[in-house]
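Here is the structure we will look at, set down as structure tokens.
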Amino acid sequence: NEQDTFYLPDGRLLRSHTSSVQIRVMENTPPPVRIIAPGSAYRRDEVDATHLAQFTQMEGLYVAERVSLADLKGTLEFFFRELFGTGTEIQFRPHFFPFTEPSVEVDFYWNGAWIEFGGAGMVDPAVFEAVGYDPEVYSGFAFGLGVERLCMRRHGITDIRDLYSGDL
């Protein structure tokens, strides 16, 4: 299951993404909305060179009138090229996420391979209806990026576990 994660003995769930911040902001803030929400996330991933069971996710949300998929793509391309340089190769692949439509995986080319960097998409109009936004007036995009992978790419670290090993 994509949302497999960790449960505490009392049944509480460790969050598998930081999207809960986005919904709380939309429930309490009229558009336009522009937020970045970093936080810890937990998933039952097999630990390897690019995966950990706990990681830092950076969520973004932009809601206003006439926001498009082109705005999402342009925002992420600008961010990655500012962070990693103008030659950074980025691709967007169709994917499914429950609260965005259309949805995409965002990958970058590094060390001879495409590596997933995060997920993104246009906020589903049903989400806007649930928080009292008029989906005929407002649209928006959301994304979630792995901060550790940003750090790895930026500093040439090839194994994510090195970030937590304590070995300088």
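Chain lettering (A, B, ...) mirrors the order of the structure tokens, residue numbering begins at 1 for each chain separately, and ligand numbering begins at 1 in order of display.
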
Practice prompt. Write out as a list of chain:residue names the residues lying within 9 Å of Glu105 of chain A, counting only C-alpha atoms and excluding same-chain residues fewer than 4 positions away.
Written response: A:Gln91, A:Phe92, A:Arg93, A:Pro94, A:His95, A:Phe96, A:Glu116, A:Phe117, A:Gly118, A:Gly119, A:Ala120, A:Gly121

Practice prompt. Enumerate as a ChimeraX atom specification all residues of chain A assigned to alpha helix (DSSP H) by DSSP on the backbone, naming them with the chain letters and numbers the document uses.
Written response: /A:19-28,69-84,125-131,147-155

Discussion item. Residues near Trp110 of chain A, anyone? I mean within 10 Å using only C-alpha atoms, not counting same-chain ones fewer than 3 positions away, as a PyMOL selection string.
Written reply: chain A and resi 88-90+107+113-115+153+156+158

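Nearest residue to Phe99 of chain A among A:Tyr7, A:Phe128, A:Tyr62, A:Tyr133 is A:Phe128, counting only C-alpha atoms.
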
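Proximity ranking of A:Gly85, A:Pro32, A:Gly132, A:Gly140 relative to Pro102 of chain A places A:Gly140 first, based on only C-alpha atoms.
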
Residues at most 7 Å from Ala49 of chain A, counting only C-alpha atoms, excluding those fewer than 2 positions away in the same chain, as a PDB file with C-alpha atoms, in the first residue's frame?
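Written file, selection_34.pdb:
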```pdb
ATOM      1  CA  HIS A  51      15.223   5.637   0.884  1.00  0.00           C
ATOM      2  CA  THR A 158      25.310   9.204  -3.139  1.00  0.00           C
ATOM      3  CA  ASP A 159      23.938   7.334  -0.106  1.00  0.00           C
ATOM      4  CA  ILE A 160      21.137   8.899   1.950  1.00  0.00           C
ATOM      5  CA  ARG A 161      22.229   6.911   5.015  1.00  0.00           C
TER       6      ARG A 161
END
```

Worksheet item: Excluding same-chain residues fewer than 3 positions from Arg24 of chain A, what lies within 12 Å of it counting only C-alpha atoms, as a list in words?
Response: Thr18, Ser19, Ser20, Val21, Glu27, Asn28, Thr29, Pro30, Val33, Ile35, Ala37, Leu61, Val127, Ala130 and Val131 of chain A

Keeping C-alpha atoms for every residue in the selection just given, could you write it to a file as a JSON list (two decimals), in the first residue's frame?
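Result file is again_25.json:
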```json
[["chain", "number", "residue", "atom", "x", "y", "z"],
["A", 18, "THR", "CA", 2.96, 16.66, 5.40],
["A", 19, "SER", "CA", -0.24, 17.39, 3.42],
["A", 20, "SER", "CA", -2.15, 17.74, 6.69],
["A", 21, "VAL", "CA", -0.64, 21.22, 6.98],
["A", 27, "GLU", "CA", -9.67, 25.45, 6.18],
["A", 28, "ASN", "CA", -8.59, 28.65, 7.94],
["A", 29, "THR", "CA", -7.28, 30.96, 5.19],
["A", 30, "PRO", "CA", -9.13, 32.46, 2.22],
["A", 33, "VAL", "CA", -2.64, 30.88, -0.42],
["A", 35, "ILE", "CA", 2.81, 28.14, 1.75],
["A", 37, "ALA", "CA", 5.43, 23.35, 4.99],
["A", 61, "LEU", "CA", 0.75, 24.83, -1.94],
["A", 127, "VAL", "CA", -10.70, 19.43, -2.05],
["A", 130, "ALA", "CA", -14.52, 20.59, 1.07],
["A", 131, "VAL", "CA", -12.74, 23.69, 2.45]]
```

Discussion item. As a VMD selection string, please: the residues near Tyr42 of chain A (cut-off 7 Å, only C-alpha atoms, same-chain neighbours under 6 positions excluded).
Written reply: chain A and resid 5 to 6 14 to 16 53 to 55

Write the residues you've just listed into a file as a short mmCIF file (atom, residue, chain, number, x, y, z; two decimals), in the first residue's frame, and include N, CA, C and O atoms for each of them.
```
data_model
loop_
_atom_site.label_atom_id
_atom_site.label_comp_id
_atom_site.auth_asym_id
_atom_site.auth_seq_id
_atom_site.Cartn_x
_atom_site.Cartn_y
_atom_site.Cartn_z
N THR A 5 2.53 2.88 6.67
CA THR A 5 3.36 3.69 7.55
C THR A 5 3.39 3.03 8.92
O THR A 5 3.07 1.87 9.07
N PHE A 6 3.74 3.78 9.92
CA PHE A 6 3.90 3.24 11.26
C PHE A 6 2.76 3.70 12.17
O PHE A 6 2.40 4.86 12.19
N LEU A 14 1.77 7.66 12.57
CA LEU A 14 2.82 8.61 12.22
C LEU A 14 2.56 9.05 10.78
O LEU A 14 2.30 8.22 9.91
N ARG A 15 2.61 10.34 10.52
CA ARG A 15 2.18 10.83 9.21
C ARG A 15 3.11 10.37 8.09
O ARG A 15 4.32 10.34 8.25
N SER A 16 2.50 10.03 6.96
CA SER A 16 3.26 9.55 5.81
C SER A 16 3.58 10.68 4.83
O SER A 16 4.30 10.47 3.86
N ALA A 53 13.18 5.21 6.30
CA ALA A 53 11.85 5.07 6.88
C ALA A 53 11.34 6.39 7.44
O ALA A 53 10.13 6.61 7.56
N GLN A 54 12.25 7.30 7.80
CA GLN A 54 11.89 8.65 8.24
C GLN A 54 12.66 9.62 7.36
O GLN A 54 13.85 9.44 7.11
N PHE A 55 11.97 10.65 6.89
CA PHE A 55 12.63 11.66 6.07
C PHE A 55 11.92 12.99 6.27
O PHE A 55 10.85 13.07 6.88
#
```

Worksheet item: segment 1-167 of chain A: which residues are strand (DSSP E or B) by DSSP, as a ChimeraX atom specification?
Response: /A:7,13,33-42,48,51,54-65,90-97,100-110,113-123,138-146

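Each of A:Leu163, A:Val104, A:Val63, A:Ala70 was compared to Phe141 of chain A using only C-alpha atoms, and A:Val63 turns out to be the nearest.
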
Discussion item. What's around Gln57 of chain A at 8 Å? Count only C-alpha atoms, leave out sequence neighbours fewer than 6 positions away in its own chain, and write the answer as a PyMOL selection string.
Written reply: chain A and resi 17-18+38-41+144-147

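With atom CA of Met58 of chain A on one side and atom CA of Ile36 of chain A on the other, the separation reads 6.7 Å.
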
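Of the residues listed (A:Pro125, A:Pro9, A:Phe108, A:Phe143), A:Phe143 shows the shortest atom-to-atom separation from Glu59 of chain A; distances use only C-alpha atoms.
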